[in-house]
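Peer 1: Structure file start.txt (compact mmCIF, C-alpha atoms and all ligand atoms) right here:
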# COMPACT_ATOMS: atom_id res chain seq x y z
CA MET A 49 156.32 81.54 -131.60
CA TYR A 50 155.91 84.96 -130.13
CA GLY A 51 158.07 87.62 -131.74
CA LEU A 52 160.00 87.99 -128.50
CA VAL A 53 161.84 84.80 -129.46
CA ASN A 54 162.94 86.21 -132.83
CA GLN A 55 163.87 89.52 -131.17
CA ALA A 56 166.09 87.64 -128.74
CA LEU A 57 167.70 85.73 -131.61
CA GLU A 58 168.34 89.01 -133.44
CA ASP A 59 169.87 90.52 -130.29
CA PHE A 60 172.05 87.43 -129.77
CA VAL A 61 173.46 87.76 -133.30
CA ILE A 62 173.91 91.54 -133.21
CA GLN A 63 175.59 91.57 -129.78
CA GLY A 64 177.93 88.73 -130.65
CA PHE A 65 178.57 89.15 -134.38
CA GLY A 66 177.37 92.61 -135.43
CA ASN A 67 174.64 94.20 -137.49
CA SER A 68 175.95 93.09 -140.86
CA ALA A 69 175.91 89.41 -139.80
CA TRP A 70 172.28 89.83 -138.77
CA GLU A 71 171.40 91.50 -142.07
CA ARG A 72 172.93 88.60 -144.01
CA ILE A 73 171.12 86.05 -141.82
CA ARG A 74 167.77 87.81 -142.20
CA GLN A 75 168.17 87.94 -145.98
CA GLY A 76 169.52 84.37 -146.15
CA ALA A 77 166.43 83.19 -144.30
CA GLY A 78 164.20 85.10 -146.72
CA ILE A 79 162.66 87.13 -143.88
CA ASN A 80 161.51 90.57 -144.95
CA ASP A 81 160.41 91.89 -141.54
CA ASP A 82 162.76 94.73 -140.57
CA MET A 83 161.75 94.15 -136.95
CA PHE A 84 159.75 91.66 -134.90
CA ILE A 85 156.87 92.60 -132.63
CA ALA A 86 157.32 90.82 -129.28
CA MET A 87 153.65 90.10 -128.67
CA ASP A 88 152.74 89.05 -132.21
CA GLY A 89 152.72 85.39 -133.22
CA TYR A 90 155.09 84.18 -135.96
CA PRO A 91 155.36 80.75 -137.60
CA ASP A 92 157.92 78.49 -135.89
CA GLN A 93 159.47 78.20 -139.35
CA THR A 94 160.57 81.85 -139.15
CA THR A 95 162.76 81.02 -136.14
CA PHE A 96 164.03 77.76 -137.65
CA LYS A 97 164.92 79.47 -140.96
CA LEU A 98 166.85 82.15 -139.07
CA VAL A 99 168.77 79.51 -137.11
CA THR A 100 169.62 77.66 -140.32
CA ALA A 101 170.77 80.85 -142.05
CA ALA A 102 172.82 81.72 -138.94
CA THR A 103 174.73 78.43 -139.19
CA GLN A 104 175.79 79.38 -142.71
CA VAL A 105 176.69 83.01 -142.00
CA LEU A 106 178.42 82.36 -138.66
CA GLY A 107 180.07 79.07 -139.63
CA LEU A 108 178.61 77.30 -136.60
CA ASP A 109 176.52 74.17 -136.42
CA ALA A 110 172.86 74.39 -135.42
CA ALA A 111 173.56 73.08 -131.92
CA GLN A 112 176.12 75.86 -131.34
CA VAL A 113 173.71 78.55 -132.56
CA LEU A 114 170.85 77.16 -130.46
CA GLU A 115 172.99 76.84 -127.34
CA GLY A 116 174.28 80.42 -127.67
CA PHE A 117 170.76 81.64 -128.32
CA GLY A 118 169.38 79.80 -125.29
CA ASN A 119 172.07 81.28 -123.10
CA HIS A 120 171.25 84.77 -124.42
CA TRP A 121 167.48 84.31 -123.89
CA VAL A 122 167.94 84.36 -120.12
CA LEU A 123 169.81 87.68 -120.23
CA TYR A 124 167.62 89.18 -122.95
CA THR A 125 164.30 88.51 -121.24
CA ALA A 126 165.71 89.77 -117.91
CA GLU A 127 166.59 93.07 -119.64
CA SER A 128 163.52 93.35 -121.88
CA GLY A 129 160.67 93.75 -119.47
CA TYR A 130 160.58 90.29 -117.88
CA GLY A 131 163.20 90.72 -115.14
CA GLU A 132 160.59 91.17 -112.39
CA MET A 133 158.73 88.12 -113.59
CA LEU A 134 161.90 85.99 -113.63
CA ASN A 135 162.62 87.19 -110.07
CA MET A 136 159.15 86.04 -108.94
CA PHE A 137 159.74 82.46 -110.06
CA GLY A 138 162.85 81.59 -108.11
CA SER A 139 166.08 82.92 -106.67
CA ASP A 140 168.16 79.80 -107.16
CA LEU A 141 168.54 77.36 -110.03
CA ARG A 142 166.66 74.43 -108.49
CA SER A 143 163.62 76.42 -107.41
CA PHE A 144 163.51 78.29 -110.73
CA LEU A 145 163.47 75.00 -112.66
CA ASN A 146 160.79 73.64 -110.32
CA ASN A 147 158.75 76.78 -111.12
CA LEU A 148 159.22 76.94 -114.89
CA ASP A 149 155.83 75.39 -115.68
CA ASN A 150 154.23 77.93 -113.31
CA LEU A 151 156.09 80.73 -115.08
CA HIS A 152 154.75 79.54 -118.42
CA SER A 153 151.20 79.28 -117.02
CA HIS A 154 151.59 82.85 -115.82
CA VAL A 155 152.74 84.07 -119.27
CA GLY A 156 150.00 81.99 -120.90
CA MET A 157 147.30 83.84 -118.96
CA SER A 158 148.24 87.05 -120.79
CA PHE A 159 149.34 85.38 -124.04
CA PRO A 160 147.05 82.41 -124.73
CA ALA A 161 148.77 81.49 -128.00
CA LEU A 162 151.85 80.48 -125.99
CA ARG A 163 152.78 76.83 -126.57
CA PRO A 164 155.08 76.30 -123.63
CA PRO A 165 157.34 73.33 -123.08
CA SER A 166 157.11 71.45 -119.78
CA PHE A 167 160.00 70.89 -117.40
CA THR A 168 160.10 68.53 -114.42
CA VAL A 169 162.90 68.19 -111.91
CA GLU A 170 163.88 64.75 -110.70
CA GLU A 171 165.99 64.74 -107.57
CA VAL A 172 168.91 62.35 -107.67
CA GLU A 173 169.57 60.66 -104.35
CA GLY A 174 173.06 61.33 -102.99
CA SER A 175 174.11 63.56 -105.90
CA ALA A 176 175.02 67.25 -106.14
CA GLY A 177 172.71 67.79 -109.03
CA LEU A 178 169.40 66.89 -110.61
CA LEU A 179 167.76 65.47 -113.70
CA LEU A 180 165.64 67.81 -115.79
CA HIS A 181 162.92 66.32 -117.99
CA TYR A 182 161.98 68.47 -121.00
CA ARG A 183 158.86 67.93 -123.08
CA SER A 184 157.93 70.18 -125.96
CA GLU A 185 155.59 70.45 -128.92
CA ARG A 186 158.68 71.48 -130.90
CA ALA A 187 161.41 69.10 -131.98
CA GLY A 188 165.04 70.08 -132.34
CA LEU A 189 165.42 72.58 -129.52
CA ALA A 190 167.26 70.40 -126.98
CA PRO A 191 170.55 72.26 -127.64
CA MET A 192 168.74 75.50 -126.82
CA VAL A 193 167.81 74.02 -123.45
CA VAL A 194 171.51 73.38 -122.73
CA GLY A 195 172.12 77.10 -123.34
CA LEU A 196 169.09 78.09 -121.25
CA LEU A 197 170.47 76.05 -118.35
CA LYS A 198 173.94 77.56 -118.68
CA GLY A 199 172.34 81.02 -118.78
CA LEU A 200 170.41 80.23 -115.61
CA GLY A 201 173.63 79.01 -113.99
CA GLU A 202 175.19 82.40 -114.73
CA ARG A 203 172.08 84.24 -113.53
CA PHE A 204 172.19 82.43 -110.18
CA SER A 205 176.02 82.29 -109.94
CA GLN A 206 175.80 78.52 -109.81
CA LYS A 207 178.56 76.67 -111.64
CA ILE A 208 177.11 73.67 -113.43
CA ASN A 209 177.91 70.98 -115.95
CA VAL A 210 175.08 70.03 -118.28
CA GLN A 211 174.87 66.76 -120.14
CA GLN A 212 171.97 65.37 -122.14
CA THR A 213 171.21 61.82 -121.01
CA ALA A 214 168.07 60.95 -122.98
CA PHE A 215 167.03 62.00 -126.47
CA ARG A 216 163.60 62.50 -127.94
CA GLY A 217 163.17 60.20 -130.93
CA VAL A 218 165.27 57.50 -129.31
CA ASP A 219 163.78 57.95 -125.84
CA ASP A 220 160.35 59.26 -124.92
CA HIS A 221 161.64 62.79 -124.27
CA ASP A 222 164.84 64.74 -123.61
CA VAL A 223 166.54 64.55 -120.20
CA PHE A 224 169.46 66.65 -118.96
CA ARG A 225 171.74 65.92 -116.05
CA ILE A 226 172.76 69.08 -114.20
CA GLU A 227 175.75 68.66 -111.95
CA TYR A 228 176.64 71.37 -109.45
CA VAL A 229 180.34 72.15 -109.64
CA ASP A 230 181.94 72.90 -106.28
CA ALA A 231 183.29 76.39 -105.73
CA ASP A 232 187.05 76.53 -106.28
CA PRO A 233 188.92 75.04 -103.36
CA SER A 234 191.20 77.55 -101.69
CA PRO A 235 194.30 77.99 -103.81
CA ALA A 236 197.55 76.37 -102.69
CA GLN A 237 199.84 78.59 -100.64
F1 LIG B 301 165.25 77.18 -118.71
O1 LIG B 301 159.20 75.42 -127.26
C1 LIG B 301 164.63 79.43 -118.56
O2 LIG B 301 155.67 81.42 -128.28
C2 LIG B 301 164.47 78.18 -119.13
O3 LIG B 301 160.38 73.70 -126.57
C3 LIG B 301 163.51 77.93 -120.12
O4 LIG B 301 155.09 79.36 -127.74
C4 LIG B 301 163.80 80.47 -118.99
F2 LIG B 301 154.88 88.65 -124.57
C5 LIG B 301 156.38 87.15 -122.99
C6 LIG B 301 155.99 86.65 -124.20
C7 LIG B 301 155.12 87.49 -125.09
C8 LIG B 301 157.23 86.45 -122.14
F3 LIG B 301 154.01 86.87 -125.34
C9 LIG B 301 157.27 84.68 -123.76
F4 LIG B 301 155.68 87.72 -126.23
C10 LIG B 301 158.51 83.07 -121.61
C11 LIG B 301 159.67 85.10 -121.04
C12 LIG B 301 159.42 82.34 -120.85
C13 LIG B 301 160.58 84.36 -120.30
C14 LIG B 301 158.17 79.21 -124.89
C15 LIG B 301 158.85 81.39 -125.62
C16 LIG B 301 157.15 79.23 -125.83
C17 LIG B 301 157.82 81.40 -126.54
C18 LIG B 301 161.03 77.22 -126.22
C19 LIG B 301 162.21 78.05 -125.85
C20 LIG B 301 161.44 75.78 -126.38
C21 LIG B 301 161.68 78.75 -121.65
C22 LIG B 301 161.74 79.40 -125.36
C23 LIG B 301 162.19 79.28 -122.99
C24 LIG B 301 161.47 82.20 -119.45
C25 LIG B 301 160.12 80.33 -123.80
O5 LIG B 301 162.03 81.24 -120.38
C26 LIG B 301 160.23 74.92 -126.76
C27 LIG B 301 155.85 80.37 -127.63
C28 LIG B 301 157.69 85.20 -122.53
C29 LIG B 301 158.62 84.44 -121.69
C30 LIG B 301 160.47 82.97 -120.20
C31 LIG B 301 159.02 80.31 -124.79
C32 LIG B 301 156.96 80.32 -126.65
C33 LIG B 301 162.68 78.98 -120.54
C34 LIG B 301 162.83 80.24 -119.94
N1 LIG B 301 161.11 79.26 -124.03
C35 LIG B 301 156.43 85.41 -124.60
Take the structure in this file and express it as structure tokens.
Ligand code: 1DX
Peer 2:
Amino acid sequence: MYGLVNQALEDFVIQGFGNSAWERIRQGAGINDDMFIAMDGYPDQTTFKLVTAATQVLGLDAAQVLEGFGNHWVLYTAESGYGEMLNMFGSDLRSFLNNLDNLHSHVGMSFPALRPPSFTVEEVEGSAGLLLHYRSERAGLAPMVVGLLKGLGERFSQKINVQQTAFRGVDDHDVFRIEYVDADPSPAQ
């Protein structure tokens, strides 16, 4: 994956747990790079080794690390040169999700080694929510998608519940149910 992904993971750890935690994770993963270059390609294994080392250093399971990392990705990319691009591809959660494949095509024009996942929105009749279908060349990142969705919810000030309803390996691909949570009713007098 592009180094931007490892940079975002590093920033997630340092912001949440400090520099020394990152240093232990980097060493635990056997990664010697003292920094990642956003636009260089790295083996997927670099990212997966860092996530595994992070579970050990932070005492979290892989799903917790991936969800936190996914959440942070939305903020990190918005603040690291891709805020304008994110703005171009939607100003609410539903339209952004409908545009994600277009966003990845756009990035892929400049960075042809991108191996983007694909997302499709399925409208659910009579429901305040939607189903999101996620297909990827990479296995194991479904918990990151939960975090990405929660990060998007925060970005668009849309309260949501996210639940995975189909699982790659068992099912053909991963599916997530996003439920819009109503704004707080007016408090009792
Ligand atoms: F819900 O692979 C919200 O390297 C979402 O299954 C989901 O193959 C936002 F310059 C620049 C560059 C660089 C910009 F080339 C990526 F370096 C891309 C910025 C997408 C913002 C996908 C990153 C493939 C790298 C992958 C999880 C899960 C998608 C990461 C999140 C908006 C992005 O991202 C999987 C690669 C960007 C760039 C966004 C992704 C690769 C996403 C989202 N993906 C690189």
Peer 1: Calculate how many Å separate atom CA of A:Leu108 from atom CA of A:Arg163, rounding to one decimal.
Peer 2: 27.7 Å
Peer 1: Please indicate the distance in Å from atom CA of A:Leu189 to atom CA of A:Ile79, rounded to one decimal place.
Peer 2: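 For atom CA of A:Leu189 relative to atom CA of A:Ile79, the distance reads 20.6 Å.
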Peer 1: So the first atom is atom C32 of ligand LIG 301 (chain B) and the second is atom CA of A:Asn135; what is the distance between them in Å, to one decimal place?
Peer 2: 18.8 Å
Peer 1: If we count all atoms listed in the file, what is near A:Leu200 at a cut-off of 10 Å, once residues fewer than 3 positions away on the same chain are taken out, given as a ChimeraX atom specification?
Peer 2: /A:118-123,140-142,144-145,194-197,203-208
Peer 1: With distances taken over all atoms listed in the file, which of A:Pro235, A:Gln112, A:Ala161, A:Glu71 is nearest to A:Tyr90?
Peer 2: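 Counting all atoms listed in the file, the residue closest to A:Tyr90 is A:Ala161.
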Peer 1: I'd like the neighbourhood of stretch 146-157 of chain A as JSON, numbers by chain, where a residue qualifies if any of its atoms comes within 12 Å (using only C-alpha atoms), though same-chain residues fewer than 6 positions away should be ignored.
Peer 2: {"A": [50, 87, 130, 132, 133, 134, 135, 136, 137, 138, 139, 140, 163, 164, 165, 166, 167, 168, 169, 170, 171, 178, 179, 180, 181, 182, 183, 184, 196, 197, 200]}
Peer 1: At a cut-off of 9 Å from (171.4, 65.1, -117.3) in the coordinates of the file, what residues are picked up using all atoms listed in the file, written as number ranges by chain?
Peer 2: A: 177-181, 209-214, 223-227
Peer 1: Counting all atoms listed in the file, which of A:Leu52, A:Gly76, A:Glu115, A:Trp70 gets nearest to ligand LIG 301 (chain B)?
Peer 2: A:Leu52
